There are 2 protein chains.
Amino acid sequence: MIDLSDVRAAAARLSGVARRTPVLSSEALDERSGGTVLLKSENLQRTGSFKIRGAYNRISTLPPEALARGVAAYSSGNHAQAVALAARLVGTHATILMPADAPPEKLDATRSYGAEVLTYDRYRDDREAMGAELARERGLTLVKPFDDPAVMAGQGTAALELVEDAGPLDLLLAPVGGGGLVAGSATAARGLDQATSVLGVEPEAGDDHRRSLESGRRVMLPDIPATIADGLQAPTPGALPFEINRTLLEGVVTVDDDETVRAMVFGFEQLKVVLEPSGAVALAAVLFGKAPEARGRRVGVILSGGNISPARFADLTG
Amino acid sequence: MIDLSDVRAAAARLSGVARRTPVLSSEALDERSGGTVLLKSENLQRTGSFKIRGAYNRISTLPPEALARGVAAYSSGNHAQAVALAARLVGTHATILMPADAPPEKLDATRSYGAEVLTYDRYRDDREAMGAELARERGLTLVKPFDDPAVMAGQGTAALELVEDAGPLDLLLAPVGGGGLVAGSATAARGLDQATSVLGVEPEAGDDHRRSLESGRRVMLPDIPATIADGLQAPTPGALPFEINRTLLEGVVTVDDDETVRAMVFGFEQLKVVLEPSGAVALAAVLFGKAPEARGRRVGVILSGGNISPARFADLTG
């Protein structure tokens, strides 16, 4: 579906658009894990998460007639800001469906990139149907958060940069929501070196990808997972990411919310960076020994986002 | 006293020891300031501040007989951890005088680098006299936090890296406590390009350097300045830094504690990094228009440290 050449092509498009985020390290983390841990700090990315990589790669490759009409997306989180900024950079118009009760700073951030924001009631409305209807009515192209080859290829550029900047990896860990980031990451890392193992990391309460890999088919959780990792609440794997992940992943491990909070505190105290819960799960997996094969190995970790208010951070960690 | 060649020599010693910290940027900051702002993130440095640069440069150039006896320092803050780590890296023993009521995490961090920590009563004891006596009794070399050419040259390497990595600067802002960081920064930046203006930034309540530059002689404030910027509470400029700063600085501007807190929040929300109060003052100066000449210019800012607990951060910003 996608391969390393797609990730490389995305990297060329993203050059000068996405930041080449720094690779962080910590002696405390190396001591604790027994490995050499290399942290790709996508929380320092434009819009505060890796999402701009996929959104821009998708939008910038749309045909002119689609760009003339504009793009749409639905998101309560980081994908909204990413599509808004990518649309502005490409020179097209974005319409974003967001829950009416989303944090005001997320609504404001999305508007600040020039997007038109429409709100929905997250308890009453079907946002997918609304998004599809909006796109059809206005002739907009719907930019999906993960279930799209161009989005996954773009998201894989973070792992590509990590290996280019920090050297070969024995193991790579990435958060799993719909599964696009880990699919792109595995495509990049294993395309560069087939011997690299790639592990997805999910919140314990939302282990649909883990269950799906075990059963060999996409499992749908009965409810929206109850976890603080609000970017990883997809109840079932994306169809296209799952096709990649069933082939390329070593497996999926899980962390509970308490471990995620402790990883956020570790990020604050030891790394001096801000991580939102979803952005901290792969670090939590390393900190709490969920990847025992880390010992003695070179381990890449994607810190995927840092969009959390100081007040919410204090609530969770206090 | 020191010149660019001393800073370059320090940089060679620090290669592979200090981290080459990333240069961060923010579109929100550029829009707000009207300039192109380049942030040298020394909060991401080993030990959480720039202090390792000066301490290592000093200790690594001691003669073998001094290294055989060991080093001493007194510090309530970042200098303690820096001397402890530098001593361990060079292979000598460090004895650090710290206030008995210092935050437990700072005492622990200093001990974790292998230093012997002795405590004093900050209200009753004269730490300078105690440090001098300790050094004399045990034959230790006292590593000063700023009033030492090797320390200032080492501290100047952050500015050297900033210009090497981000290109020429019209203006550079650095925090001022004893004045060593800004003295080393000005030596580096103006040694590379005489046209670069360098501004020091002090807390409003501790403006001894500003007053001293205005009066042409070192002013001693009557009390320890009441400011949250606990790394910038020196009541008078260091003698050697002042000699440099009176020649090389454009001036010193001040920020109040409220502006410093708002810069810490900006760092958290927009940059996704943790700044302690002392580490945020130069950013505050840019955010609050204390350097109006920033408009249309390329402006370097030293983010000097990030050692603050989540609880203290929440207290200050909540």
# chains A, B, ... in the order shown; residues from 1 in each chain; ligands from 1
call {"tool": "calpha_fit_and_write", "arguments": {"fixed": "chain B", "moving": "chain A", "output": "JSON list (two decimals) with C-alpha atoms, in the first residue's frame"}}
result
[["chain", "number", "residue", "atom", "x", "y", "z"],
["A", 1, "MET", "CA", 40.08, 38.98, 30.05],
["A", 2, "ILE", "CA", 38.45, 36.41, 27.75],
["A", 3, "ASP", "CA", 37.82, 36.53, 24.02],
["A", 4, "LEU", "CA", 36.25, 34.45, 21.29],
["A", 5, "SER", "CA", 39.24, 32.08, 21.20],
["A", 6, "ASP", "CA", 38.62, 31.17, 24.86],
["A", 7, "VAL", "CA", 34.99, 30.39, 24.07],
["A", 8, "ARG", "CA", 36.04, 28.29, 21.10],
["A", 9, "ALA", "CA", 38.56, 26.40, 23.24],
["A", 10, "ALA", "CA", 35.82, 25.76, 25.80],
["A", 11, "ALA", "CA", 33.52, 24.52, 23.02],
["A", 12, "ALA", "CA", 36.17, 21.99, 21.97],
["A", 13, "ARG", "CA", 36.42, 20.71, 25.56],
["A", 14, "LEU", "CA", 32.65, 20.53, 25.89],
["A", 15, "SER", "CA", 32.20, 18.59, 22.67],
["A", 16, "GLY", "CA", 30.59, 15.27, 23.57],
["A", 17, "VAL", "CA", 30.08, 16.47, 27.17],
["A", 18, "ALA", "CA", 27.49, 19.25, 27.00],
["A", 19, "ARG", "CA", 24.53, 18.63, 24.74],
["A", 20, "ARG", "CA", 24.29, 20.73, 21.63],
["A", 21, "THR", "CA", 20.82, 21.89, 22.64],
["A", 22, "PRO", "CA", 18.26, 22.57, 19.90],
["A", 23, "VAL", "CA", 17.28, 26.02, 18.66],
["A", 24, "LEU", "CA", 13.50, 26.37, 19.02],
["A", 25, "SER", "CA", 11.19, 28.81, 17.30],
["A", 26, "SER", "CA", 7.52, 29.75, 17.41],
["A", 27, "GLU", "CA", 5.35, 31.47, 14.86],
["A", 28, "ALA", "CA", 3.24, 32.88, 17.69],
["A", 29, "LEU", "CA", 6.36, 34.45, 19.19],
["A", 30, "ASP", "CA", 7.54, 35.87, 15.86],
["A", 31, "GLU", "CA", 4.12, 37.41, 15.25],
["A", 32, "ARG", "CA", 3.97, 38.89, 18.70],
["A", 33, "SER", "CA", 7.49, 40.32, 18.67],
["A", 34, "GLY", "CA", 7.62, 41.29, 15.02],
["A", 35, "GLY", "CA", 11.05, 39.66, 14.76],
["A", 36, "THR", "CA", 12.56, 36.26, 14.03],
["A", 37, "VAL", "CA", 13.20, 34.82, 17.46],
["A", 38, "LEU", "CA", 15.68, 31.98, 17.92],
["A", 39, "LEU", "CA", 15.53, 30.26, 21.28],
["A", 40, "LYS", "CA", 18.59, 28.41, 22.60],
["A", 41, "SER", "CA", 17.03, 25.74, 24.81],
["A", 42, "GLU", "CA", 19.55, 25.31, 27.63],
["A", 43, "ASN", "CA", 16.68, 24.05, 29.77],
["A", 44, "LEU", "CA", 17.17, 20.85, 27.75],
["A", 45, "GLN", "CA", 20.88, 20.79, 28.72],
["A", 46, "ARG", "CA", 22.35, 18.09, 30.97],
["A", 47, "THR", "CA", 21.50, 18.90, 34.61],
["A", 48, "GLY", "CA", 18.67, 21.11, 33.31],
["A", 49, "SER", "CA", 20.61, 24.33, 32.84],
["A", 50, "PHE", "CA", 23.55, 25.97, 31.05],
["A", 51, "LYS", "CA", 25.67, 25.74, 34.22],
["A", 52, "ILE", "CA", 27.42, 22.52, 33.18],
["A", 53, "ARG", "CA", 29.20, 24.46, 30.41],
["A", 54, "GLY", "CA", 31.10, 26.72, 32.78],
["A", 55, "ALA", "CA", 31.64, 24.17, 35.53],
["A", 56, "TYR", "CA", 33.08, 21.56, 33.16],
["A", 57, "ASN", "CA", 35.31, 24.07, 31.38],
["A", 58, "ARG", "CA", 36.71, 25.14, 34.75],
["A", 59, "ILE", "CA", 37.19, 21.71, 36.27],
["A", 60, "SER", "CA", 38.56, 20.01, 33.16],
["A", 61, "THR", "CA", 41.37, 22.55, 32.93],
["A", 62, "LEU", "CA", 42.54, 22.20, 36.56],
["A", 63, "PRO", "CA", 46.07, 20.84, 37.02],
["A", 64, "PRO", "CA", 46.38, 17.15, 38.01],
["A", 65, "GLU", "CA", 47.37, 17.92, 41.59],
["A", 66, "ALA", "CA", 44.19, 19.98, 42.08],
["A", 67, "LEU", "CA", 42.08, 17.23, 40.54],
["A", 68, "ALA", "CA", 43.66, 14.71, 42.90],
["A", 69, "ARG", "CA", 42.38, 16.75, 45.87],
["A", 70, "GLY", "CA", 38.91, 17.57, 44.53],
["A", 71, "VAL", "CA", 36.61, 20.56, 44.07],
["A", 72, "ALA", "CA", 34.06, 22.40, 46.19],
["A", 73, "ALA", "CA", 31.15, 24.73, 45.46],
["A", 74, "TYR", "CA", 28.31, 26.42, 47.29],
["A", 75, "SER", "CA", 24.98, 26.73, 45.61],
["A", 76, "SER", "CA", 21.29, 26.45, 46.33],
["A", 77, "GLY", "CA", 20.54, 25.71, 42.73],
["A", 78, "ASN", "CA", 21.73, 24.73, 39.30],
["A", 79, "HIS", "CA", 25.44, 25.32, 39.90],
["A", 80, "ALA", "CA", 25.45, 22.52, 42.50],
["A", 81, "GLN", "CA", 24.26, 19.87, 40.05],
["A", 82, "ALA", "CA", 26.57, 21.19, 37.35],
["A", 83, "VAL", "CA", 29.70, 21.00, 39.51],
["A", 84, "ALA", "CA", 28.69, 17.55, 40.75],
["A", 85, "LEU", "CA", 28.27, 16.18, 37.23],
["A", 86, "ALA", "CA", 31.36, 17.93, 35.85],
["A", 87, "ALA", "CA", 33.48, 16.53, 38.68],
["A", 88, "ARG", "CA", 32.21, 13.03, 38.02],
["A", 89, "LEU", "CA", 32.91, 13.34, 34.30],
["A", 90, "VAL", "CA", 36.45, 14.59, 34.90],
["A", 91, "GLY", "CA", 37.03, 11.93, 37.55],
["A", 92, "THR", "CA", 37.45, 14.07, 40.64],
["A", 93, "HIS", "CA", 35.50, 14.42, 43.87],
["A", 94, "ALA", "CA", 33.02, 17.24, 44.54],
["A", 95, "THR", "CA", 31.91, 18.59, 47.91],
["A", 96, "ILE", "CA", 28.89, 20.88, 47.65],
["A", 97, "LEU", "CA", 27.54, 23.21, 50.31],
["A", 98, "MET", "CA", 23.77, 23.51, 49.98],
["A", 99, "PRO", "CA", 21.11, 25.10, 52.19],
["A", 100, "ALA", "CA", 19.52, 22.54, 54.48],
["A", 101, "ASP", "CA", 16.07, 23.67, 53.33],
["A", 102, "ALA", "CA", 16.81, 23.38, 49.59],
["A", 103, "PRO", "CA", 14.12, 21.42, 47.71],
["A", 104, "PRO", "CA", 14.76, 17.70, 48.39],
["A", 105, "GLU", "CA", 14.86, 16.99, 44.64],
["A", 106, "LYS", "CA", 17.80, 19.39, 44.25],
["A", 107, "LEU", "CA", 19.70, 17.77, 47.12],
["A", 108, "ASP", "CA", 18.95, 14.33, 45.67],
["A", 109, "ALA", "CA", 19.94, 15.34, 42.14],
["A", 110, "THR", "CA", 23.28, 16.67, 43.38],
["A", 111, "ARG", "CA", 23.97, 13.50, 45.37],
["A", 112, "SER", "CA", 22.91, 11.37, 42.41],
["A", 113, "TYR", "CA", 25.89, 12.72, 40.46],
["A", 114, "GLY", "CA", 28.17, 11.37, 43.18],
["A", 115, "ALA", "CA", 28.86, 14.59, 45.08],
["A", 116, "GLU", "CA", 29.17, 14.83, 48.85],
["A", 117, "VAL", "CA", 26.57, 17.33, 50.04],
["A", 118, "LEU", "CA", 27.10, 19.38, 53.20],
["A", 119, "THR", "CA", 24.24, 21.56, 54.37],
["A", 120, "TYR", "CA", 24.15, 24.99, 55.95],
["A", 121, "ASP", "CA", 21.52, 27.19, 57.53],
["A", 122, "ARG", "CA", 20.77, 29.89, 55.01],
["A", 123, "TYR", "CA", 19.59, 32.33, 57.67],
["A", 124, "ARG", "CA", 22.46, 31.85, 60.14],
["A", 125, "ASP", "CA", 25.54, 30.68, 58.28],
["A", 126, "ASP", "CA", 27.86, 32.62, 55.96],
["A", 127, "ARG", "CA", 28.15, 30.21, 53.05],
["A", 128, "GLU", "CA", 31.03, 32.06, 51.42],
["A", 129, "ALA", "CA", 33.12, 31.86, 54.57],
["A", 130, "MET", "CA", 32.13, 28.22, 55.04],
["A", 131, "GLY", "CA", 33.06, 27.43, 51.44],
["A", 132, "ALA", "CA", 36.41, 29.16, 51.74],
["A", 133, "GLU", "CA", 37.16, 27.36, 55.00],
["A", 134, "LEU", "CA", 36.12, 24.00, 53.57],
["A", 135, "ALA", "CA", 38.32, 24.54, 50.52],
["A", 136, "ARG", "CA", 41.29, 25.56, 52.66],
["A", 137, "GLU", "CA", 40.91, 22.75, 55.19],
["A", 138, "ARG", "CA", 40.59, 20.02, 52.62],
["A", 139, "GLY", "CA", 42.78, 21.55, 49.91],
["A", 140, "LEU", "CA", 39.85, 21.73, 47.50],
["A", 141, "THR", "CA", 39.51, 24.08, 44.54],
["A", 142, "LEU", "CA", 36.45, 26.28, 44.89],
["A", 143, "VAL", "CA", 34.48, 26.40, 41.62],
["A", 144, "LYS", "CA", 32.73, 29.76, 41.47],
["A", 145, "PRO", "CA", 29.39, 30.12, 39.69],
["A", 146, "PHE", "CA", 30.36, 33.14, 37.55],
["A", 147, "ASP", "CA", 33.33, 35.15, 38.80],
["A", 148, "ASP", "CA", 35.95, 33.17, 36.89],
["A", 149, "PRO", "CA", 37.23, 33.54, 33.31],
["A", 150, "ALA", "CA", 37.06, 29.79, 32.58],
["A", 151, "VAL", "CA", 33.49, 29.63, 33.84],
["A", 152, "MET", "CA", 32.41, 32.61, 31.73],
["A", 153, "ALA", "CA", 34.15, 31.25, 28.62],
["A", 154, "GLY", "CA", 32.36, 27.93, 29.09],
["A", 155, "GLN", "CA", 29.02, 29.65, 29.58],
["A", 156, "GLY", "CA", 29.58, 31.58, 26.35],
["A", 157, "THR", "CA", 29.50, 28.38, 24.31],
["A", 158, "ALA", "CA", 25.69, 28.36, 24.29],
["A", 159, "ALA", "CA", 25.66, 31.63, 22.34],
["A", 160, "LEU", "CA", 28.42, 30.36, 20.07],
["A", 161, "GLU", "CA", 26.34, 27.28, 19.18],
["A", 162, "LEU", "CA", 23.24, 29.43, 18.69],
["A", 163, "VAL", "CA", 24.95, 31.56, 16.06],
["A", 164, "GLU", "CA", 26.63, 28.55, 14.43],
["A", 165, "ASP", "CA", 23.31, 26.69, 14.17],
["A", 166, "ALA", "CA", 20.84, 29.51, 13.50],
["A", 167, "GLY", "CA", 22.91, 32.13, 11.71],
["A", 168, "PRO", "CA", 23.83, 35.75, 12.49],
["A", 169, "LEU", "CA", 21.94, 37.69, 15.15],
["A", 170, "ASP", "CA", 21.06, 41.36, 15.31],
["A", 171, "LEU", "CA", 20.25, 41.11, 18.99],
["A", 172, "LEU", "CA", 20.89, 38.58, 21.77],
["A", 173, "LEU", "CA", 19.16, 38.48, 25.16],
["A", 174, "ALA", "CA", 20.43, 36.52, 28.16],
["A", 175, "PRO", "CA", 19.44, 36.38, 31.84],
["A", 176, "VAL", "CA", 21.63, 38.17, 34.36],
["A", 177, "GLY", "CA", 22.33, 36.90, 37.89],
["A", 178, "GLY", "CA", 26.00, 37.36, 38.73],
["A", 179, "GLY", "CA", 26.47, 38.21, 35.07],
["A", 180, "GLY", "CA", 28.67, 35.35, 33.89],
["A", 181, "LEU", "CA", 26.27, 33.94, 31.29],
["A", 182, "VAL", "CA", 25.66, 37.28, 29.62],
["A", 183, "ALA", "CA", 29.38, 38.12, 29.76],
["A", 184, "GLY", "CA", 30.30, 34.86, 28.03],
["A", 185, "SER", "CA", 27.41, 35.26, 25.60],
["A", 186, "ALA", "CA", 28.48, 38.79, 24.66],
["A", 187, "THR", "CA", 32.08, 37.67, 24.26],
["A", 188, "ALA", "CA", 30.96, 34.93, 21.86],
["A", 189, "ALA", "CA", 28.30, 36.84, 19.92],
["A", 190, "ARG", "CA", 30.23, 40.09, 19.54],
["A", 191, "GLY", "CA", 33.44, 38.20, 18.86],
["A", 192, "LEU", "CA", 31.67, 36.59, 15.92],
["A", 193, "ASP", "CA", 29.95, 39.80, 14.80],
["A", 194, "GLN", "CA", 30.70, 43.15, 16.39],
["A", 195, "ALA", "CA", 27.36, 44.47, 15.09],
["A", 196, "THR", "CA", 25.31, 42.15, 17.33],
["A", 197, "SER", "CA", 23.72, 44.00, 20.26],
["A", 198, "VAL", "CA", 23.59, 42.09, 23.53],
["A", 199, "LEU", "CA", 21.03, 42.89, 26.23],
["A", 200, "GLY", "CA", 20.99, 41.45, 29.73],
["A", 201, "VAL", "CA", 17.65, 40.72, 31.39],
["A", 202, "GLU", "CA", 17.13, 41.01, 35.15],
["A", 203, "PRO", "CA", 14.17, 40.63, 37.48],
["A", 204, "GLU", "CA", 12.82, 44.09, 38.31],
["A", 205, "ALA", "CA", 13.42, 43.53, 42.03],
["A", 206, "GLY", "CA", 17.05, 42.56, 41.45],
["A", 207, "ASP", "CA", 18.30, 45.18, 38.99],
["A", 208, "ASP", "CA", 21.81, 45.51, 40.43],
["A", 209, "HIS", "CA", 23.46, 45.00, 37.06],
["A", 210, "ARG", "CA", 21.26, 47.63, 35.39],
["A", 211, "ARG", "CA", 22.02, 50.13, 38.14],
["A", 212, "SER", "CA", 25.70, 49.28, 38.08],
["A", 213, "LEU", "CA", 25.98, 49.82, 34.32],
["A", 214, "GLU", "CA", 24.22, 53.17, 34.68],
["A", 215, "SER", "CA", 26.43, 54.35, 37.50],
["A", 216, "GLY", "CA", 29.61, 52.85, 36.10],
["A", 217, "ARG", "CA", 30.46, 50.96, 39.29],
["A", 218, "ARG", "CA", 29.19, 47.83, 41.00],
["A", 219, "VAL", "CA", 26.09, 48.65, 43.03],
["A", 220, "MET", "CA", 25.17, 46.42, 45.99],
["A", 221, "LEU", "CA", 21.43, 46.09, 46.65],
["A", 222, "PRO", "CA", 20.57, 46.44, 50.35],
["A", 223, "ASP", "CA", 18.68, 43.11, 50.48],
["A", 224, "ILE", "CA", 18.51, 39.81, 48.67],
["A", 225, "PRO", "CA", 16.09, 40.63, 45.83],
["A", 226, "ALA", "CA", 12.53, 39.40, 46.39],
["A", 227, "THR", "CA", 11.79, 37.61, 43.12],
["A", 228, "ILE", "CA", 10.62, 34.18, 42.00],
["A", 229, "ALA", "CA", 13.71, 34.05, 39.76],
["A", 230, "ASP", "CA", 15.80, 32.31, 42.41],
["A", 231, "GLY", "CA", 18.80, 31.89, 40.12],
["A", 232, "LEU", "CA", 19.07, 35.66, 39.61],
["A", 233, "GLN", "CA", 19.16, 36.86, 43.22],
["A", 234, "ALA", "CA", 22.80, 37.98, 43.35],
["A", 235, "PRO", "CA", 22.64, 41.42, 45.04],
["A", 236, "THR", "CA", 25.66, 42.74, 43.13],
["A", 237, "PRO", "CA", 27.38, 41.95, 39.84],
["A", 238, "GLY", "CA", 30.34, 39.62, 39.85],
["A", 239, "ALA", "CA", 33.54, 41.67, 39.60],
["A", 240, "LEU", "CA", 34.92, 39.93, 36.49],
["A", 241, "PRO", "CA", 31.58, 39.66, 34.61],
["A", 242, "PHE", "CA", 30.97, 43.35, 35.28],
["A", 243, "GLU", "CA", 34.29, 44.31, 33.67],
["A", 244, "ILE", "CA", 33.17, 42.52, 30.51],
["A", 245, "ASN", "CA", 29.57, 43.64, 30.60],
["A", 246, "ARG", "CA", 30.33, 47.34, 31.01],
["A", 247, "THR", "CA", 32.18, 47.16, 27.71],
["A", 248, "LEU", "CA", 30.14, 44.70, 25.64],
["A", 249, "LEU", "CA", 26.49, 45.11, 26.68],
["A", 250, "GLU", "CA", 24.02, 47.43, 25.02],
["A", 251, "GLY", "CA", 22.26, 47.56, 28.37],
["A", 252, "VAL", "CA", 20.10, 45.62, 30.82],
["A", 253, "VAL", "CA", 16.29, 45.51, 30.77],
["A", 254, "THR", "CA", 14.03, 44.22, 33.53],
["A", 255, "VAL", "CA", 10.89, 42.10, 33.77],
["A", 256, "ASP", "CA", 8.58, 41.74, 36.75],
["A", 257, "ASP", "CA", 7.59, 38.39, 38.26],
["A", 258, "ASP", "CA", 4.16, 38.45, 36.62],
["A", 259, "GLU", "CA", 5.77, 38.81, 33.19],
["A", 260, "THR", "CA", 8.15, 35.98, 34.04],
["A", 261, "VAL", "CA", 5.24, 33.71, 35.01],
["A", 262, "ARG", "CA", 3.46, 34.55, 31.78],
["A", 263, "ALA", "CA", 6.60, 33.64, 29.84],
["A", 264, "MET", "CA", 6.69, 30.30, 31.66],
["A", 265, "VAL", "CA", 3.07, 29.72, 30.59],
["A", 266, "PHE", "CA", 3.94, 30.73, 27.02],
["A", 267, "GLY", "CA", 6.79, 28.23, 27.11],
["A", 268, "PHE", "CA", 4.44, 25.49, 28.29],
["A", 269, "GLU", "CA", 1.54, 26.26, 25.94],
["A", 270, "GLN", "CA", 3.34, 27.36, 22.79],
["A", 271, "LEU", "CA", 6.85, 25.91, 22.95],
["A", 272, "LYS", "CA", 5.94, 22.78, 24.96],
["A", 273, "VAL", "CA", 8.99, 23.17, 27.17],
["A", 274, "VAL", "CA", 9.48, 23.64, 30.89],
["A", 275, "LEU", "CA", 11.16, 26.85, 32.04],
["A", 276, "GLU", "CA", 12.05, 27.78, 35.59],
["A", 277, "PRO", "CA", 11.55, 31.47, 36.43],
["A", 278, "SER", "CA", 15.22, 32.40, 35.93],
["A", 279, "GLY", "CA", 15.16, 30.53, 32.62],
["A", 280, "ALA", "CA", 12.17, 32.49, 31.35],
["A", 281, "VAL", "CA", 13.19, 36.12, 31.92],
["A", 282, "ALA", "CA", 14.82, 36.69, 28.52],
["A", 283, "LEU", "CA", 11.75, 35.23, 26.80],
["A", 284, "ALA", "CA", 9.58, 37.50, 28.96],
["A", 285, "ALA", "CA", 11.58, 40.51, 27.77],
["A", 286, "VAL", "CA", 10.77, 39.67, 24.15],
["A", 287, "LEU", "CA", 7.12, 38.84, 24.87],
["A", 288, "PHE", "CA", 6.50, 42.07, 26.73],
["A", 289, "GLY", "CA", 8.29, 44.44, 24.42],
["A", 290, "LYS", "CA", 11.23, 45.24, 26.65],
["A", 291, "ALA", "CA", 13.47, 45.05, 23.59],
["A", 292, "PRO", "CA", 11.51, 47.11, 21.05],
["A", 293, "GLU", "CA", 14.40, 46.89, 18.63],
["A", 294, "ALA", "CA", 13.35, 43.24, 18.14],
["A", 295, "ARG", "CA", 10.93, 44.28, 15.37],
["A", 296, "GLY", "CA", 12.20, 43.13, 11.99],
["A", 297, "ARG", "CA", 15.39, 41.74, 13.50],
["A", 298, "ARG", "CA", 16.91, 38.33, 14.15],
["A", 299, "VAL", "CA", 16.78, 37.93, 17.91],
["A", 300, "GLY", "CA", 18.53, 35.24, 19.94],
["A", 301, "VAL", "CA", 17.18, 34.34, 23.37],
["A", 302, "ILE", "CA", 18.84, 32.09, 25.93],
["A", 303, "LEU", "CA", 16.35, 29.87, 27.77],
["A", 304, "SER", "CA", 18.78, 29.18, 30.56],
["A", 305, "GLY", "CA", 17.15, 26.52, 32.73],
["A", 306, "GLY", "CA", 14.17, 24.28, 33.42],
["A", 307, "ASN", "CA", 14.67, 23.01, 36.96],
["A", 308, "ILE", "CA", 11.28, 23.40, 38.59],
["A", 309, "SER", "CA", 8.96, 20.79, 40.03],
["A", 310, "PRO", "CA", 5.49, 20.30, 38.54],
["A", 311, "ALA", "CA", 4.00, 21.33, 41.89],
["A", 312, "ARG", "CA", 5.94, 24.60, 42.05],
["A", 313, "PHE", "CA", 5.14, 25.30, 38.40],
["A", 314, "ALA", "CA", 1.44, 24.80, 39.11],
["A", 315, "ASP", "CA", 1.63, 27.05, 42.18],
["A", 316, "LEU", "CA", 3.21, 29.88, 40.21],
["A", 317, "THR", "CA", 1.06, 29.62, 37.08],
["A", 318, "GLY", "CA", -2.28, 28.42, 38.48]]
call {"tool": "select_by_dssp", "arguments": {"residues": "range 41-290 of chain B", "states": "strand (DSSP E)", "output": "VMD selection string"}}
result
chain B and resid 41 71 to 74 94 to 99 116 to 120 141 to 142 171 to 175 197 to 203 251 to 255
call {"tool": "select_by_dssp", "arguments": {"residues": "range 20-247 of chain A", "states": "helix (DSSP H, G or I)", "output": "PyMOL selection string"}}
result
chain A and resi 27-33+42-44+46-48+51-59+64-69+78-90+104-112+127-138+149-155+157-166+180-192+204-206+208-215+230-232+239-247
